[in-house]
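Undergrad: One structure coming up, written as structure tokens, with questions to follow.
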Amino acid sequence: GIYALGGISGANFNPAVSVALGLTKVMNGPGLEPKVVAAYCGTQLLAGIAAAFAYTALFHDSFNLTPAAGFGWRDAMACEILYSFMLCFVVLNVAAAGRSQPNEYGGLAIGFVVIAAGIYGAGMASGGCFNPAIAVGIDVSSLSKGFGWCVAFAIWEMLGAVLAAVLFKVVRPEDFGAPPGGALAEMMSEFLGTFMLVLTVGLNVMGRTPDGAFSIACALMSMIYALGNVSGAHFNP
């Protein structure tokens, strides 16, 4: 989807990503104008609802949006915030950062965040939405089984987007009209990359996921693509 439609709309496909790009634009960096963000978010939410009703019609059944069995709202909140942050942060670094343009790896870096987090790592606790369009679509299509979790999920995902926009400015101040960040940008880059790598390792080990090595490798690859031209992306003493 990103490679097919990125040249038309930027291939956000996620209100959290659009909001992150809107925030960076408001902070005088690269991104989207507020009216474009609003239009994209409305379109994405509508598409999510339509898609959810499509799979519901196909299978004559739906599933409810809740934290995964054995996990509470705090667990789901932590996973949704942290990995929505990772997703939005990678998008900003590979698709908006001046030093990363042009490139052919953006779609891979973004897609592998979803594999690292949604299918394996954080998905075991929250279900791995990281996208308000997914959360709203699932919840609306399963109204008969309960409704409301999409509000919490969307808020958590938007918090991840805000965090991504703020830290994007820290690691790439030159995209906001400031001098290069130097040591601060490099140390923040190493901190964020190492944090997301080790977090993904821990979630896979503690969750006993069947393909943990693949999930960990995807997380590492995504952060290397995102931050390699900031600090070299060592992420390992």
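Residues are named by chain letter and number: chains run A, B, ... in the order of the structure tokens, numbers start at 1 in each chain, and ligands are numbered from 1 in the order shown.
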Using only C-alpha atoms, which protein or nucleic acid residues come within 12 Å of stretch 218-222 of chain A? Drop anything in the same chain fewer than 2 positions from it, and give the result as a PyMOL selection string.
TA: chain A and resi 83+86-94+105-122+190+192-201+203-204+211-216+224-228+233-236
Undergrad: Please dump the current selection as a compact mmCIF listing (two decimals), in the first residue's frame; keep C-alpha atoms.
TA:
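Output file selection-v5.txt is given in full below:
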```txt
# COMPACT_ATOMS: atom_id res chain seq x y z
CA TYR A 83 4.59 1.16 19.64
CA MET A 86 7.69 3.78 17.26
CA LEU A 87 5.49 3.59 14.17
CA CYS A 88 5.01 7.36 13.91
CA PHE A 89 8.66 8.05 14.73
CA VAL A 90 9.89 5.72 12.00
CA VAL A 91 7.48 7.31 9.50
CA LEU A 92 8.75 10.79 10.36
CA ASN A 93 12.38 9.76 10.04
CA VAL A 94 12.14 7.83 6.78
CA TYR A 105 13.44 1.71 2.03
CA GLY A 106 10.71 3.74 3.72
CA GLY A 107 7.92 1.27 3.08
CA LEU A 108 10.01 -1.61 4.42
CA ALA A 109 10.99 0.26 7.57
CA ILE A 110 7.39 1.24 8.32
CA GLY A 111 5.93 -2.17 7.51
CA PHE A 112 8.39 -4.03 9.67
CA VAL A 113 7.41 -1.94 12.71
CA VAL A 114 3.98 -3.55 12.46
CA ILE A 115 5.52 -7.02 12.26
CA ALA A 116 7.87 -6.34 15.17
CA ALA A 117 5.16 -4.97 17.41
CA GLY A 118 1.71 -5.97 16.28
CA ILE A 119 2.06 -9.59 15.30
CA TYR A 120 4.50 -10.57 18.03
CA GLY A 121 5.78 -8.07 20.60
CA ALA A 122 3.09 -5.77 21.95
CA GLU A 190 21.03 5.81 20.52
CA LEU A 192 15.53 5.51 21.51
CA GLY A 193 16.88 2.81 19.20
CA THR A 194 18.29 0.76 22.06
CA PHE A 195 15.13 1.21 24.14
CA MET A 196 12.81 -0.06 21.41
CA LEU A 197 15.16 -2.93 20.60
CA VAL A 198 15.45 -4.14 24.18
CA LEU A 199 11.73 -3.63 24.82
CA THR A 200 10.93 -5.81 21.82
CA VAL A 201 13.41 -8.46 23.00
CA LEU A 203 8.24 -8.72 25.17
CA ASN A 204 9.08 -11.61 22.89
CA ASP A 211 9.15 -16.19 16.03
CA GLY A 212 10.76 -13.79 18.46
CA ALA A 213 14.00 -13.54 16.49
CA PHE A 214 12.08 -12.24 13.46
CA SER A 215 10.21 -9.67 15.55
CA ILE A 216 13.42 -8.45 17.17
CA ILE A 224 18.39 1.52 11.91
CA TYR A 225 16.63 2.88 8.83
CA ALA A 226 15.08 5.62 10.96
CA LEU A 227 18.19 6.77 12.84
CA GLY A 228 21.20 5.47 10.94
CA ALA A 233 22.37 3.40 14.81
CA HIS A 234 24.71 1.28 16.95
CA PHE A 235 22.10 0.40 19.62
CA ASN A 236 24.57 -2.00 21.23
```
Undergrad: Pick the closest to A:Gly70 from A:Ala152, A:Val230, A:Ile138, A:Met124: which is it, counting only C-alpha atoms?
TA: A:Met124
Undergrad: Under the rule that only C-alpha atoms are counted, which of A:Ala217, A:Gly1, A:Val205, A:Glu174 is the nearest residue to A:Ala97?
TA: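 Distance minimum relative to A:Ala97 lands on A:Glu174.
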Undergrad: A:Ala50, A:Ala165, A:Ala16, A:Leu184: which is nearest A:Phe153, counting only C-alpha atoms?
TA: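 Under the stated criterion, the closest residue is A:Ala16.
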Undergrad: Set out as a Markdown table a contact list for stretch 83-148 of chain A and stretch 38-49 of chain A with a cut-off of 12 Å, giving each residue of stretch 83-148 of chain A that qualifies its closest atom pair and distance in Å to one decimal, counting only C-alpha atoms, ordered by chain and rising residue number.
TA:
```
| residue | atom | partner | partner_atom | distance |
| --- | --- | --- | --- | --- |
| A:Cys129 | CA | A:Gly48 | CA | 11.6 |
| A:Asn131 | CA | A:Gly48 | CA | 9.6 |
| A:Pro132 | CA | A:Leu45 | CA | 7.3 |
| A:Ala133 | CA | A:Leu45 | CA | 4.6 |
| A:Ile134 | CA | A:Gly48 | CA | 5.6 |
| A:Ala135 | CA | A:Gly48 | CA | 8.2 |
| A:Val136 | CA | A:Ile49 | CA | 6.7 |
| A:Gly137 | CA | A:Ile49 | CA | 3.9 |
| A:Ile138 | CA | A:Ile49 | CA | 7.3 |
| A:Asp139 | CA | A:Ile49 | CA | 8.7 |
| A:Val140 | CA | A:Ile49 | CA | 6.8 |
| A:Ser141 | CA | A:Ile49 | CA | 7.0 |
| A:Ser142 | CA | A:Ile49 | CA | 10.5 |
| A:Leu143 | CA | A:Ile49 | CA | 11.7 |
```
Undergrad: Any chance you could export the current selection's C-alpha atoms as a PDB file, in the first residue's frame?
TA:
```
ATOM      1  CA  CYS A 129      -3.796  -1.723  16.841  1.00  0.00           C
ATOM      2  CA  ASN A 131      -3.981   2.958  14.533  1.00  0.00           C
ATOM      3  CA  PRO A 132      -7.223   4.729  15.525  1.00  0.00           C
ATOM      4  CA  ALA A 133      -8.795   3.702  12.215  1.00  0.00           C
ATOM      5  CA  ILE A 134      -8.331   0.060  13.170  1.00  0.00           C
ATOM      6  CA  ALA A 135      -9.557   0.595  16.730  1.00  0.00           C
ATOM      7  CA  VAL A 136     -12.678   2.507  15.675  1.00  0.00           C
ATOM      8  CA  GLY A 137     -13.466   0.092  12.850  1.00  0.00           C
ATOM      9  CA  ILE A 138     -13.257  -2.958  15.109  1.00  0.00           C
ATOM     10  CA  ASP A 139     -15.338  -1.345  17.852  1.00  0.00           C
ATOM     11  CA  VAL A 140     -18.070   0.007  15.583  1.00  0.00           C
ATOM     12  CA  SER A 141     -18.469  -3.268  13.704  1.00  0.00           C
ATOM     13  CA  SER A 142     -18.886  -5.191  16.972  1.00  0.00           C
ATOM     14  CA  LEU A 143     -21.406  -2.877  18.648  1.00  0.00           C
TER      15      LEU A 143
END
```
Undergrad: So, with only C-alpha atoms as the atoms that count, which of A:Gly160, A:Pro102, A:Asn64, A:Arg74 lies closest to A:Gly146?
TA: A:Asn64
Undergrad: Just give me the gap between atom CA of A:Thr24 and atom CA of A:Phe191 in Å, one decimal is fine.
TA: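 Those two atoms sit 21.0 Å apart.
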Undergrad: Choose the residue, out of A:Gly182, A:Val171, A:Gly31, A:Ala4, that has the smallest atom-to-atom separation from A:Ala95; count only C-alpha atoms.
TA: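 Of A:Gly182, A:Val171, A:Gly31, A:Ala4, the one nearest A:Ala95, counting only C-alpha atoms, is A:Gly31.
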Undergrad: Using only C-alpha atoms for the distances, tell me which of A:Val26, A:Leu65, A:Ala161, A:Ser231 is nearest to A:Pro180.
TA: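 Using only C-alpha atoms, A:Pro180 sits closest to A:Ser231.
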Undergrad: Distance atom CA of A:Asp175-atom CA of A:Met27, one decimal place?
TA: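 According to the coordinates, atom CA of A:Asp175 and atom CA of A:Met27 are separated by 10.1 Å.
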Undergrad: Leaving out A:Ser126 and any residue of its chain fewer than 2 positions from it, which residues lie within 8 Å of it when counting only C-alpha atoms, given as an mmCIF file with N, CA, C and O atoms, in the first residue's frame?
TA:
```cif
data_model
loop_
_atom_site.group_PDB
_atom_site.id
_atom_site.type_symbol
_atom_site.label_atom_id
_atom_site.label_comp_id
_atom_site.auth_asym_id
_atom_site.auth_seq_id
_atom_site.Cartn_x
_atom_site.Cartn_y
_atom_site.Cartn_z
ATOM 1 N N THR A 66 -10.712 -5.171 22.914
ATOM 2 C CA THR A 66 -10.379 -5.121 24.343
ATOM 3 C C THR A 66 -8.899 -5.446 24.490
ATOM 4 O O THR A 66 -8.276 -5.978 23.567
ATOM 5 N N PRO A 67 -8.307 -5.149 25.654
ATOM 6 C CA PRO A 67 -6.965 -5.683 25.910
ATOM 7 C C PRO A 67 -6.986 -7.199 25.811
ATOM 8 O O PRO A 67 -8.022 -7.838 26.047
ATOM 9 N N ALA A 68 -5.876 -7.801 25.458
ATOM 10 C CA ALA A 68 -5.808 -9.251 25.301
ATOM 11 C C ALA A 68 -6.068 -9.959 26.621
ATOM 12 O O ALA A 68 -5.887 -9.395 27.706
ATOM 13 N N PHE A 71 -4.439 -9.487 30.352
ATOM 14 C CA PHE A 71 -3.815 -8.173 30.464
ATOM 15 C C PHE A 71 -4.880 -7.123 30.751
ATOM 16 O O PHE A 71 -6.023 -7.251 30.323
ATOM 17 N N ASP A 75 -1.606 -2.306 30.819
ATOM 18 C CA ASP A 75 -0.715 -3.040 29.914
ATOM 19 C C ASP A 75 -0.970 -2.635 28.468
ATOM 20 O O ASP A 75 -0.033 -2.369 27.695
ATOM 21 N N ALA A 76 -2.253 -2.609 28.101
ATOM 22 C CA ALA A 76 -2.607 -2.217 26.730
ATOM 23 C C ALA A 76 -2.189 -0.780 26.449
ATOM 24 O O ALA A 76 -1.683 -0.473 25.367
ATOM 25 N N MET A 77 -2.380 0.103 27.420
ATOM 26 C CA MET A 77 -2.009 1.503 27.252
ATOM 27 C C MET A 77 -0.515 1.644 26.983
ATOM 28 O O MET A 77 -0.101 2.356 26.049
ATOM 29 N N CYS A 79 1.608 -0.540 25.785
ATOM 30 C CA CYS A 79 1.969 -1.087 24.477
ATOM 31 C C CYS A 79 1.511 -0.181 23.346
ATOM 32 O O CYS A 79 2.256 0.062 22.384
ATOM 33 N N GLU A 80 0.288 0.325 23.436
ATOM 34 C CA GLU A 80 -0.235 1.168 22.355
ATOM 35 C C GLU A 80 0.527 2.489 22.263
ATOM 36 O O GLU A 80 0.823 2.976 21.166
ATOM 37 N N ALA A 122 4.132 -6.386 21.131
ATOM 38 C CA ALA A 122 3.089 -5.768 21.946
ATOM 39 C C ALA A 122 1.707 -6.310 21.653
ATOM 40 O O ALA A 122 0.780 -6.114 22.442
ATOM 41 N N GLY A 123 1.541 -6.979 20.529
ATOM 42 C CA GLY A 123 0.224 -7.491 20.169
ATOM 43 C C GLY A 123 -0.356 -8.445 21.187
ATOM 44 O O GLY A 123 -1.574 -8.553 21.327
ATOM 45 N N MET A 124 0.507 -9.120 21.923
ATOM 46 C CA MET A 124 0.007 -10.081 22.905
ATOM 47 C C MET A 124 -0.715 -9.412 24.069
ATOM 48 O O MET A 124 -1.500 -10.056 24.769
ATOM 49 N N GLY A 128 -2.472 -5.083 19.352
ATOM 50 C CA GLY A 128 -1.623 -4.479 18.326
ATOM 51 C C GLY A 128 -2.359 -3.626 17.312
ATOM 52 O O GLY A 128 -2.238 -3.837 16.109
ATOM 53 N N CYS A 129 -3.116 -2.635 17.772
ATOM 54 C CA CYS A 129 -3.796 -1.723 16.841
ATOM 55 C C CYS A 129 -2.826 -0.678 16.296
ATOM 56 O O CYS A 129 -2.573 -0.620 15.099
#
```
Undergrad: Can you tell me, as a VMD selection string, which residues in stretch 16-237 of chain A count as alpha helix (DSSP H) by DSSP?
TA: chain A and resid 16 to 26 34 to 59 73 to 91 106 to 114 123 to 126 132 to 141 149 to 171 182 to 207 212 to 231
